[in-house]
Each structure stands twice: as C-alpha cells, then as structure tokens.
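The structure file upload-v4.tsv is reproduced below (TSV, C-alpha atoms).
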```tsv
chain	number	residue	atom	x	y	z
A	487	MET	CA	17.31	10.16	-6.26
A	488	ILE	CA	19.79	7.40	-7.03
A	489	ASP	CA	22.33	10.07	-8.03
A	490	ILE	CA	22.51	11.29	-4.43
A	491	ALA	CA	25.79	10.37	-2.72
A	492	GLY	CA	25.63	7.03	-0.91
A	493	ALA	CA	22.60	5.69	-2.76
A	494	VAL	CA	22.50	1.90	-3.15
A	495	THR	CA	19.72	0.70	-5.44
A	496	THR	CA	17.35	-2.12	-4.57
A	497	ASP	CA	18.17	-4.08	-7.71
A	498	ALA	CA	21.92	-3.77	-7.09
A	499	ILE	CA	21.34	-5.73	-3.87
A	500	ASP	CA	18.81	-8.18	-5.31
A	501	GLU	CA	18.37	-8.49	-9.06
A	502	GLU	CA	15.03	-10.27	-8.54
A	503	THR	CA	13.56	-7.70	-6.16
A	504	ARG	CA	9.96	-6.66	-6.63
A	505	ASP	CA	11.04	-3.11	-5.84
A	506	GLN	CA	12.29	-2.10	-9.25
A	507	PRO	CA	10.62	-0.58	-12.31
A	508	GLU	CA	8.63	-2.85	-14.58
A	509	PRO	CA	10.56	-3.60	-17.81
A	510	ALA	CA	8.25	-1.42	-19.93
A	511	HIS	CA	8.66	1.46	-17.49
A	512	ARG	CA	12.43	1.07	-17.35
A	513	ALA	CA	12.51	1.16	-21.14
A	514	ALA	CA	10.55	4.43	-20.94
A	515	GLY	CA	13.17	5.97	-18.65
A	516	VAL	CA	11.92	5.10	-15.17
A	517	ARG	CA	14.98	4.56	-12.98
A	518	SER	CA	15.74	2.32	-10.03
A	519	VAL	CA	15.12	3.48	-6.46
A	520	ALA	CA	17.45	3.53	-3.48
A	521	ALA	CA	17.30	0.82	-0.84
A	522	HIS	CA	19.37	3.04	1.44
A	523	TYR	CA	21.86	5.90	1.49
A	524	GLY	CA	24.51	4.28	3.67
A	525	ASP	CA	22.86	3.85	7.08
A	526	PRO	CA	19.44	2.14	6.98
A	527	LEU	CA	18.91	2.13	10.76
A	528	ARG	CA	19.66	5.83	11.09
A	529	GLU	CA	17.27	6.46	8.20
A	530	GLN	CA	14.54	4.56	10.07
A	531	ARG	CA	15.05	6.75	13.13
A	532	VAL	CA	14.63	9.83	10.94
A	533	LEU	CA	11.25	8.53	9.72
A	534	ASP	CA	10.17	7.63	13.26
A	535	THR	CA	11.10	10.96	14.86
A	536	ALA	CA	11.21	13.66	12.16
A	537	VAL	CA	10.72	13.45	8.38
A	538	GLY	CA	12.52	11.97	5.40
A	539	LEU	CA	11.98	11.91	1.65
A	540	VAL	CA	11.52	8.43	0.15
A	541	ASP	CA	11.82	7.75	-3.58
A	542	ARG	CA	8.91	5.47	-4.53
A	543	SER	CA	8.97	6.42	-8.20
A	544	HIS	CA	9.03	2.77	-9.24
A	545	ARG	CA	5.34	2.46	-8.34
A	546	GLY	CA	2.91	2.22	-11.22
A	547	VAL	CA	0.64	5.17	-12.00
A	548	VAL	CA	-2.64	4.80	-13.89
A	549	ALA	CA	-4.52	7.92	-15.01
A	550	VAL	CA	-8.28	7.68	-15.54
A	551	PRO	CA	-9.72	10.78	-17.22
A	552	GLY	CA	-13.23	10.93	-18.66
A	553	GLU	CA	-16.54	12.36	-17.52
A	554	GLU	CA	-17.89	9.00	-16.30
A	555	ARG	CA	-14.74	7.93	-14.44
A	556	ILE	CA	-16.06	8.29	-10.86
A	557	GLY	CA	-19.22	6.25	-11.31
A	558	TRP	CA	-17.39	3.72	-13.46
A	559	LEU	CA	-14.65	3.11	-10.88
A	560	HIS	CA	-17.33	2.95	-8.18
A	561	THR	CA	-18.97	-0.03	-9.88
A	562	LEU	CA	-15.70	-1.90	-10.50
A	563	THR	CA	-13.96	-1.67	-7.14
A	564	THR	CA	-14.54	-2.22	-3.43
A	565	GLN	CA	-14.60	1.45	-2.46
A	566	HIS	CA	-17.55	3.85	-2.38
A	567	LEU	CA	-16.44	6.42	-4.95
A	568	ALA	CA	-19.75	7.83	-6.20
A	569	ALA	CA	-19.30	11.06	-4.25
A	570	LEU	CA	-15.50	11.31	-4.48
A	571	ALA	CA	-14.79	15.02	-4.84
A	572	PRO	CA	-11.85	16.95	-6.29
A	573	GLY	CA	-9.20	17.26	-3.61
A	574	GLU	CA	-9.98	13.86	-2.09
A	575	GLY	CA	-8.13	10.56	-2.10
A	576	THR	CA	-8.75	7.09	-0.73
A	577	GLU	CA	-7.80	3.42	-1.30
A	578	LEU	CA	-9.48	0.71	-3.36
A	579	LEU	CA	-9.21	-2.97	-4.22
A	580	VAL	CA	-10.00	-5.06	-7.25
A	581	LEU	CA	-11.14	-8.53	-6.26
A	582	SER	CA	-11.51	-11.81	-8.10
A	583	PRO	CA	-15.02	-13.23	-8.56
A	584	HIS	CA	-14.37	-15.28	-5.41
A	585	GLY	CA	-13.35	-12.25	-3.36
A	586	HIS	CA	-9.59	-12.73	-3.41
A	587	VAL	CA	-7.44	-9.60	-3.53
A	588	GLU	CA	-6.01	-8.97	-6.99
A	589	GLN	CA	-5.12	-5.28	-6.99
A	590	HIS	CA	-4.69	-2.44	-4.51
A	591	ALA	CA	-4.39	1.21	-5.44
A	592	MET	CA	-4.09	4.55	-3.71
A	593	VAL	CA	-6.38	7.18	-5.21
A	594	ALA	CA	-6.18	10.92	-5.83
A	595	GLU	CA	-8.95	12.88	-7.58
A	596	ASP	CA	-8.09	16.27	-9.10
A	597	GLY	CA	-11.38	17.18	-10.78
A	598	ASP	CA	-10.36	16.10	-14.28
A	599	THR	CA	-8.56	12.81	-13.71
A	600	THR	CA	-8.61	10.07	-11.10
A	601	TRP	CA	-5.04	8.99	-10.37
A	602	LEU	CA	-4.30	5.45	-9.15
A	603	ASP	CA	-0.86	4.46	-7.92
A	604	THR	CA	-0.18	0.80	-7.42
A	605	GLU	CA	2.50	-1.78	-6.70
A	606	PRO	CA	5.47	-2.09	-9.07
A	607	GLY	CA	4.70	-5.02	-11.32
A	608	ALA	CA	0.93	-4.58	-10.92
A	609	THR	CA	0.29	-1.76	-13.39
A	610	GLY	CA	-0.31	-3.99	-16.38
A	611	GLY	CA	-2.82	-6.17	-14.55
A	612	LEU	CA	-4.77	-3.21	-13.20
A	613	LEU	CA	-4.84	-1.42	-16.54
A	614	ALA	CA	-5.84	-4.60	-18.39
A	615	TYR	CA	-8.82	-5.06	-16.05
A	616	LEU	CA	-9.91	-1.46	-16.48
A	617	GLU	CA	-9.58	-1.65	-20.26
A	618	LYS	CA	-11.62	-4.87	-20.32
A	619	MET	CA	-14.41	-3.20	-18.38
A	620	ARG	CA	-14.64	0.00	-20.43
A	621	PHE	CA	-17.37	-1.09	-22.85
A	622	PHE	CA	-19.03	2.20	-23.89
A	623	SER	CA	-18.11	4.20	-20.80
A	624	LYS	CA	-16.64	7.65	-21.31
A	625	VAL	CA	-13.28	6.91	-19.71
A	626	GLU	CA	-9.72	6.73	-21.03
A	627	PRO	CA	-7.50	4.78	-18.59
A	628	ARG	CA	-3.79	4.82	-19.45
A	629	ASP	CA	-0.43	3.93	-17.96
A	630	ALA	CA	1.02	7.25	-16.76
A	631	THR	CA	4.06	5.87	-14.93
A	632	ALA	CA	6.50	7.42	-17.40
A	633	GLU	CA	4.78	10.79	-16.90
A	634	HIS	CA	4.44	10.97	-13.11
A	635	ALA	CA	6.56	9.80	-10.18
A	636	LEU	CA	5.63	9.14	-6.55
A	637	LEU	CA	7.74	10.55	-3.73
A	638	SER	CA	6.79	10.27	-0.06
A	639	LEU	CA	7.41	12.55	2.90
A	640	VAL	CA	7.28	10.16	5.84
A	641	GLY	CA	7.34	10.93	9.54
A	642	PRO	CA	5.66	13.09	12.17
A	643	GLU	CA	7.02	16.29	10.59
A	644	ALA	CA	5.80	15.47	7.06
A	645	THR	CA	3.23	18.26	6.83
A	646	GLY	CA	5.79	20.81	8.00
A	647	ALA	CA	8.15	19.70	5.25
A	648	LEU	CA	5.31	19.95	2.75
A	649	ALA	CA	4.96	23.64	3.57
A	650	THR	CA	8.39	24.08	1.97
A	651	LEU	CA	6.67	23.37	-1.34
A	652	GLY	CA	3.91	25.90	-0.64
A	653	VAL	CA	1.18	23.47	0.45
A	654	THR	CA	-0.42	23.75	3.88
A	655	GLY	CA	-3.66	22.72	5.52
A	656	LEU	CA	-3.94	19.10	4.40
A	657	ALA	CA	-6.37	17.48	6.82
A	658	ALA	CA	-5.51	14.29	8.66
A	659	PRO	CA	-7.02	11.07	7.25
A	660	ASP	CA	-10.74	10.80	7.95
A	661	ALA	CA	-11.88	7.20	8.48
A	662	VAL	CA	-15.27	5.58	9.06
A	663	ALA	CA	-15.32	2.84	11.70
A	664	VAL	CA	-15.88	-0.68	10.39
A	665	PRO	CA	-19.34	-1.81	11.56
A	666	GLY	CA	-19.91	-5.03	13.42
A	667	PRO	CA	-21.31	-8.19	11.81
A	668	LYS	CA	-24.89	-7.98	10.52
A	669	PHE	CA	-25.07	-4.20	10.72
A	670	ARG	CA	-28.17	-2.35	9.50
A	671	ALA	CA	-28.43	-1.29	5.85
A	672	GLY	CA	-27.73	2.41	5.57
A	673	GLU	CA	-25.62	2.46	8.73
A	674	LEU	CA	-22.48	3.35	6.76
A	675	PRO	CA	-22.39	6.80	5.16
A	676	PRO	CA	-22.25	6.84	1.33
A	677	ARG	CA	-18.63	8.01	1.08
A	678	PRO	CA	-15.17	6.46	0.95
A	679	THR	CA	-14.34	4.55	4.12
A	680	VAL	CA	-11.19	6.64	4.44
A	681	ARG	CA	-10.66	10.08	2.93
A	682	TYR	CA	-7.23	11.51	2.27
A	683	SER	CA	-6.83	15.23	1.67
A	684	VAL	CA	-5.35	16.10	-1.75
A	685	ALA	CA	-3.99	19.50	-2.90
A	686	PRO	CA	-2.20	20.70	-6.04
A	687	LEU	CA	1.54	21.34	-5.90
A	688	PRO	CA	2.53	24.80	-7.19
A	689	GLY	CA	4.88	23.38	-9.81
A	690	GLY	CA	2.47	20.69	-10.99
A	691	GLY	CA	1.30	17.44	-9.49
A	692	TRP	CA	-0.52	16.72	-6.24
A	693	ALA	CA	0.12	16.12	-2.56
A	694	ARG	CA	-1.98	13.51	-0.73
A	695	ARG	CA	-1.87	13.10	3.03
A	696	GLY	CA	-2.01	9.44	4.03
A	697	PRO	CA	-1.43	7.07	6.93
A	698	LEU	CA	2.39	7.34	7.00
A	699	GLY	CA	2.88	10.91	5.82
A	700	VAL	CA	2.35	12.79	2.56
A	701	ASP	CA	2.66	11.33	-0.93
A	702	LEU	CA	3.77	13.61	-3.77
A	703	LEU	CA	2.64	12.67	-7.26
A	704	VAL	CA	4.85	14.88	-9.43
A	705	PRO	CA	5.53	15.18	-13.16
A	706	ARG	CA	8.79	13.35	-13.80
A	707	PRO	CA	10.47	16.44	-15.33
A	708	ALA	CA	9.80	18.25	-12.02
A	709	MET	CA	11.12	15.47	-9.79
A	710	ASP	CA	14.70	16.77	-9.48
A	711	ARG	CA	13.46	20.27	-8.62
A	712	VAL	CA	11.10	18.99	-5.91
A	713	VAL	CA	13.85	16.83	-4.39
A	714	ALA	CA	16.29	19.75	-4.45
A	715	GLU	CA	13.81	22.11	-2.75
A	716	LEU	CA	13.10	19.65	0.04
A	717	ARG	CA	16.76	18.81	0.59
A	718	ALA	CA	17.61	22.52	0.71
A	719	ALA	CA	15.02	22.84	3.47
A	720	GLY	CA	16.78	20.11	5.46
A	721	VAL	CA	14.69	17.07	4.53
A	722	PRO	CA	17.10	14.13	4.14
A	723	PRO	CA	16.79	11.39	1.53
A	724	VAL	CA	15.76	8.05	3.03
A	725	GLY	CA	15.83	4.66	1.36
A	726	LEU	CA	13.07	2.17	0.72
A	727	TRP	CA	14.39	-0.23	3.37
A	728	ALA	CA	13.62	2.33	6.08
A	729	TYR	CA	10.16	3.00	4.62
A	730	GLU	CA	9.38	-0.72	4.61
A	731	ALA	CA	10.46	-1.06	8.23
A	732	ILE	CA	8.12	1.75	9.27
A	733	ARG	CA	5.30	0.19	7.23
A	734	VAL	CA	5.80	-3.22	8.84
A	735	ALA	CA	5.81	-1.72	12.34
A	736	ALA	CA	2.54	0.03	11.43
A	737	ARG	CA	1.14	-3.36	10.30
A	738	ARG	CA	0.15	-2.16	6.84
A	739	ALA	CA	-0.01	-5.12	4.46
A	740	ARG	CA	1.38	-4.79	0.96
A	741	VAL	CA	-0.58	-6.59	-1.74
A	742	GLY	CA	1.57	-9.09	-3.61
A	743	VAL	CA	4.09	-9.36	-0.77
A	744	ASP	CA	2.01	-9.87	2.37
A	745	THR	CA	-0.77	-11.62	0.45
A	746	ASP	CA	-1.15	-14.74	-1.65
A	747	HIS	CA	-3.64	-15.88	-4.29
A	748	ARG	CA	-6.19	-16.85	-1.61
A	749	THR	CA	-6.08	-13.65	0.47
A	750	ILE	CA	-9.38	-11.90	1.16
A	751	PRO	CA	-9.48	-8.29	2.44
A	752	ALA	CA	-10.50	-9.10	6.01
A	753	GLU	CA	-7.46	-11.34	6.51
A	754	VAL	CA	-4.97	-8.50	6.04
A	755	ASP	CA	-6.82	-5.53	7.54
A	756	LEU	CA	-7.78	-4.00	4.19
A	757	VAL	CA	-11.50	-3.67	4.91
A	758	ALA	CA	-11.17	-0.45	6.92
A	759	PRO	CA	-9.20	1.59	4.37
A	760	ALA	CA	-10.39	0.08	1.10
A	761	VAL	CA	-13.74	-1.73	1.34
A	762	HIS	CA	-17.19	-0.16	1.75
A	763	LEU	CA	-19.44	-2.85	3.20
A	764	ASP	CA	-22.76	-1.28	2.17
A	765	LYS	CA	-22.14	0.09	-1.33
A	766	GLY	CA	-23.90	-2.62	-3.34
A	767	CYS	CA	-22.60	-5.05	-5.92
A	768	TYR	CA	-19.06	-5.34	-7.24
A	769	ARG	CA	-16.94	-8.31	-8.21
A	770	GLY	CA	-16.20	-10.42	-5.12
A	771	GLN	CA	-18.76	-8.63	-2.94
A	772	GLU	CA	-20.58	-11.78	-1.85
A	773	THR	CA	-17.45	-13.24	-0.25
A	774	VAL	CA	-16.67	-9.97	1.52
A	775	ALA	CA	-20.19	-9.76	2.95
A	776	ARG	CA	-20.30	-13.42	3.99
A	777	VAL	CA	-16.97	-13.28	5.83
A	778	HIS	CA	-17.86	-10.02	7.55
A	779	ASN	CA	-21.23	-11.36	8.72
A	780	MET	CA	-19.53	-14.46	10.10
A	781	GLY	CA	-17.09	-12.20	11.92
A	782	ARG	CA	-14.08	-14.50	11.64
A	783	PRO	CA	-11.98	-14.67	8.46
A	784	PRO	CA	-10.04	-17.92	8.13
A	785	ARG	CA	-6.63	-16.24	8.48
A	786	ARG	CA	-5.22	-13.14	10.13
A	787	LEU	CA	-2.32	-10.72	9.74
A	788	VAL	CA	0.15	-10.67	12.64
A	789	LEU	CA	3.49	-9.13	13.50
A	790	LEU	CA	6.11	-11.78	14.21
A	791	HIS	CA	9.25	-11.26	16.27
A	792	LEU	CA	12.10	-13.41	14.92
A	793	ASP	CA	14.84	-14.55	17.28
A	794	GLY	CA	17.71	-13.44	15.01
A	795	VAL	CA	20.03	-15.91	16.75
A	796	THR	CA	20.03	-18.90	14.44
A	797	THR	CA	20.64	-16.62	11.45
A	798	ASP	CA	20.85	-12.91	10.77
A	799	ARG	CA	19.43	-13.47	7.28
A	800	LEU	CA	15.85	-12.28	6.93
A	801	PRO	CA	13.35	-14.82	5.57
A	802	ALA	CA	12.10	-14.31	2.03
A	803	ALA	CA	8.48	-13.45	1.35
A	804	GLY	CA	6.48	-16.68	1.13
A	805	THR	CA	8.62	-18.59	3.65
A	806	PRO	CA	6.34	-21.00	5.54
A	807	VAL	CA	5.55	-20.46	9.22
A	808	THR	CA	5.30	-23.79	11.03
A	809	LEU	CA	3.88	-25.03	14.32
A	810	ASP	CA	4.85	-28.51	15.53
A	811	GLY	CA	6.13	-29.32	12.05
A	812	ARG	CA	2.93	-28.23	10.30
A	813	ALA	CA	2.64	-25.17	8.04
A	814	VAL	CA	0.19	-22.65	9.52
A	815	GLY	CA	0.93	-19.61	7.39
A	816	PHE	CA	3.59	-17.65	5.54
A	817	VAL	CA	5.87	-14.68	6.01
A	818	GLY	CA	5.35	-11.54	3.95
A	819	THR	CA	7.69	-8.59	4.53
A	820	ALA	CA	10.58	-9.19	6.94
A	821	VAL	CA	12.75	-6.28	8.11
A	822	LEU	CA	15.42	-5.34	10.61
A	823	HIS	CA	13.73	-2.61	12.66
A	824	HIS	CA	15.84	-0.10	14.58
A	825	GLU	CA	13.92	-0.74	17.82
A	826	LEU	CA	12.09	-4.05	17.38
A	827	GLY	CA	14.93	-6.03	15.80
A	828	GLN	CA	14.00	-8.69	13.26
A	829	VAL	CA	10.25	-8.58	12.66
A	830	ALA	CA	7.93	-9.70	9.89
A	831	LEU	CA	4.35	-9.46	8.81
A	832	ALA	CA	2.81	-12.92	8.45
A	833	VAL	CA	-0.56	-14.37	7.53
A	834	LEU	CA	-1.52	-17.23	9.86
A	835	LYS	CA	-4.48	-19.52	10.33
A	836	ARG	CA	-6.84	-17.89	12.77
A	837	ASN	CA	-6.77	-20.79	15.21
A	838	VAL	CA	-3.02	-20.40	15.87
A	839	PRO	CA	-2.83	-19.21	19.50
A	840	ASP	CA	-1.05	-15.95	20.29
A	841	ASP	CA	1.47	-17.75	22.52
A	842	ALA	CA	2.34	-20.44	19.93
A	843	ARG	CA	6.01	-21.37	19.54
A	844	LEU	CA	6.46	-20.90	15.82
A	845	LEU	CA	9.31	-21.51	13.43
A	846	VAL	CA	10.23	-19.57	10.32
A	847	GLY	CA	12.85	-21.74	8.67
A	848	ASP	CA	15.20	-22.57	11.55
A	849	SER	CA	14.41	-19.38	13.48
A	850	ALA	CA	12.00	-19.22	16.40
A	851	ALA	CA	9.19	-16.70	16.02
A	852	ALA	CA	6.63	-15.24	18.39
A	853	ILE	CA	3.42	-13.33	17.69
A	854	GLU	CA	3.38	-9.82	19.12
A	855	GLN	CA	0.61	-9.73	21.66
A	856	GLY	CA	-2.27	-7.56	20.53
A	857	SER	CA	-1.00	-7.50	16.94
A	858	ALA	CA	-4.13	-9.14	15.60
A	859	PRO	CA	-7.78	-9.48	16.52
A	860	SER	CA	-8.85	-12.52	18.51
```

Please lay out the structure from this file as structure tokens.
Amino acid sequence: MIDIAGAVTTDAIDEETRDQPEPAHRAAGVRSVAAHYGDPLREQRVLDTAVGLVDRSHRGVVAVPGEERIGWLHTLTTQHLAALAPGEGTELLVLSPHGHVEQHAMVAEDGDTTWLDTEPGATGGLLAYLEKMRFFSKVEPRDATAEHALLSLVGPEATGALATLGVTGLAAPDAVAVPGPKFRAGELPPRPTVRYSVAPLPGGGWARRGPLGVDLLVPRPAMDRVVAELRAAGVPPVGLWAYEAIRVAARRARVGVDTDHRTIPAEVDLVAPAVHLDKGCYRGQETVARVHNMGRPPRRLVLLHLDGVTTDRLPAAGTPVTLDGRAVGFVGTAVLHHELGQVALAVLKRNVPDDARLLVGDSAAAIEQGSAPS
C-alpha cells in the first residue's frame, strides 16, 4: 500500500522505527508500511467513526501445521488451546521461567494450520522458541511472513466493509470474565479466554474479527487485489499512526513497546485476552498464579495525558516517568490523538496515586481517571 498516492513510510520518518520489516523479511520482498497518507488526524477520525484499511504487513507470521499442533501449543503458551476449533482465533503469550512477557501472538486456526501473527522484530524469537520445544512432536513451525501479509479493517463499520470481500457473519469477540483472586478450580471453562471468529476469504487467506475490527491474513500475491477491491468499495487507506492512536485510546498494550524485560501479564492487562488461569502448567505459570492470588501486581498500565505545552515532540518509548524527581515508571506508546491530544500508555508503580503530578521529560503528565484498576 506504499504505492498509494500520499503514502509516507514509517522508516522514511524514523530509520530506527520498530515498525518496519525485519531484515530477513525485507530481503524476501516484504515492503515498508505507511505511517500516513497525508493527514493523520483525518485518518484517525475515519477509524473512530467509519472504517479504514491499515497496512500491517510488516508483522511477522508463523505457520504451525502438523497433527499435534493444538495440544503442543497448549502446553507451551498461556492460553487454553486444547479445544481450539477450525474457524476460531484467540491471543497467547510466551513467558520466561519467571513469568515475564517474552512474546505475544494473535492466533487463527483454519483446520490444517495454526497461524500466529506477532510483532515486527519478534518473529525470530518466537520461532526459535517453538523450534527448541519441538522434540518429537508432529509439528512443523515455519516463518511464513514472506508468504502472507496482515491487513486490518478498523472501525465501527469494519464488518460491513468485509462483506465487500464476500465474508459475512463473523461473530463479535467472545470473552470469559477474569475470576477474582483464589477462585475455585474448574470455575473457568476449558476454552480460550477470548474467542475471535475466523472465516476463509474467497480468494485465499482468512478474516479474523478482533477487538479493533477485522484482520485479513492474505497471501502476498493477493494483497494488491484485496486492497483494490476494498478501495473500489469506498474503504480508504489509513496509516499506521492512526491505528496506533486508536490502539492507545483503547488501552491495548503492545509487547516490546509498552512492556519491558520485567513486565508480567497482569501489569499490562494481558490476562483477560491471553492467559487462562486454570489450564495447568506452562512456563511462567507459578508467577502468574501467585500475582493473581495476591490481587495486586507491582505495576499497572495507565493512560497519561501530556501537557503538550513545553514541547510538541512526543516522548520516545522507554522515557522515564518521574514523581518528585524519582522514576516511577516509563512511557510506552505516545501519540497525538485527534480528540485527546498528546496521550501515552505508561507502566507505573502501583502505589503512584491517580492524582499525582508527574513529569515525562520536561512535560507535565496526568493519569486519566479510571484508566487503571485501583
């Protein structure tokens, strides 16, 4: 989609951006993605009120075929996958032995292959872990990023736009409520904590309905045709900057940007979509259980409002958040939102009060009330 008039690529703006293809993928023909198409704030309004098509084809794609894939992935990750059926999707995490978040992936199951799409730059780490854990299992994980690309229809009219491609009837996400501390064994149903409806696309690939719209996992040779069909139906191209602003406003953390090496799932609201608390053993499970039973993770994800007066430059990911000269957290994704102004996701120590007068660099920052649990 970078050949569309007005496209400005993410790496043309910032050569060090995380939002560009991994070197191996670029060498295989994966192209850059657009940060915007000339008017980022207008593009945000489109995603908030209608629907737009976002090129996210720089994300990594891992294919896991093999007759034992479902049970194998169930044992390795945080999600309950044992009963994952064709036409279903979900989310999962890979944790360190100490329960820190290492990988996040969106999932789509088609009956023959389980498809995992993950952060750009994270494909190699995810695939290396899966390869290491194969042993004698009948699975064949591979990097499929050069074969398939991710596009996203985002906005309240996403399912209507999807009908243009001949797919209707995708159910809304179906989530299980997170139980309270010290819940009874067997209280959670043996299924993914969130289920996303998945359907085949007529020209190949799959559509998966998710929290912000509908993701399209399409064969790369079909990408131009899919884009052309949607544009002909009136769906405008929208850049990644607008998508990120909508994501931040929805308070959805992005692993590797809104997390650090110490992050545990409960700190960044990843338990509900990606962690089954009663599925049994997996790497890092003891930490997850202990923190949940205590009821208070040491840090929390919040939405910060930045004053935008001292500087109009957004803080970089990892910028410290300070209170009375003492670091109490860090900024993840910072965006200029079309309604909220300068805002950022941040991970703060839990004991930082909601009315604290914070600083991010030289800019004042305030926690949005109700943006995090008490």

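Taking all atoms listed in the file into account, Asp596 in chain A lies nearest to A:Ile556 out of the set A:Val662, A:Met619, A:Val788, A:Ile556.
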
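All protein, DNA and RNA residues at most 10 Å from (12.7, -15.0, 12.8) are A:Leu790, A:His791, A:Leu792, A:Asp793, A:Gly794, A:Val795, A:Thr796, A:Thr797, A:Asp798, A:Arg799, A:Leu800, A:Pro801, A:Val807, A:Val817, A:Ala820, A:Val821, A:Gly827, A:Gln828, A:Val829, A:Ala830, A:Leu844, A:Leu845, A:Val846, A:Gly847, A:Asp848, A:Ser849, A:Ala850, A:Ala851, A:Ala852, using all atoms listed in the file.
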
> In Å to one decimal, how far is CA of Ala714 in chain A from CA of Met592 in chain A?
Replying inline: 25.4 Å

> With all atoms listed in the file as the basis for distance, which of A:Arg776, A:Lys618, A:His634, A:Arg785 is at the shortest distance from Leu702 in chain A?
Replying inline: A:His634

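Each of A:Glu753, A:Glu730, A:Asp764, A:Glu854 was compared to Arg836 in chain A using only C-alpha atoms, and A:Glu753 turns out to be the nearest.
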
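Every protein, DNA or RNA residue with an atom at most 7 Å from Glu595 in chain A, where only C-alpha atoms count and chain neighbours fewer than 3 positions away do not, is listed here: Ala571, Pro572, Gly573, Glu574, Gly575, Thr599, Thr600 and Trp601 of chain A.
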
Here's a test: counting all atoms listed in the file, identify every protein, DNA and RNA residue with an atom at most 7 Å from (26.2, 2.1, 0.0) in the file's coordinate frame, and state them as a compact mmCIF listing (two decimals) with C-alpha atoms, in the frame of the given file.
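The file below, out.txt, is the result:
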```txt
# COMPACT_ATOMS: atom_id res chain seq x y z
CA GLY A 492 25.63 7.03 -0.91
CA ALA A 493 22.60 5.69 -2.76
CA VAL A 494 22.50 1.90 -3.15
CA TYR A 523 21.86 5.90 1.49
CA GLY A 524 24.51 4.28 3.67
```

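For the choices A:Ile499, A:Ala657, A:Ala591, A:Val550, the atom-to-atom distance to Arg620 in chain A is smallest for A:Val550 when using all atoms listed in the file.
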
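Atom pair CA of Val587 in chain A / CA of Val754 in chain A: separated by 9.9 Å.
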
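Take the candidates A:Leu533, A:Ser582, A:His566, A:Ala803 and check each one against Gln771 in chain A using only C-alpha atoms; the shortest distance goes to A:Ser582.
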
>> What does the structure give for the distance between CA of Pro722 in chain A and CA of Leu703 in chain A, in Å to one decimal?
In response: 18.5 Å
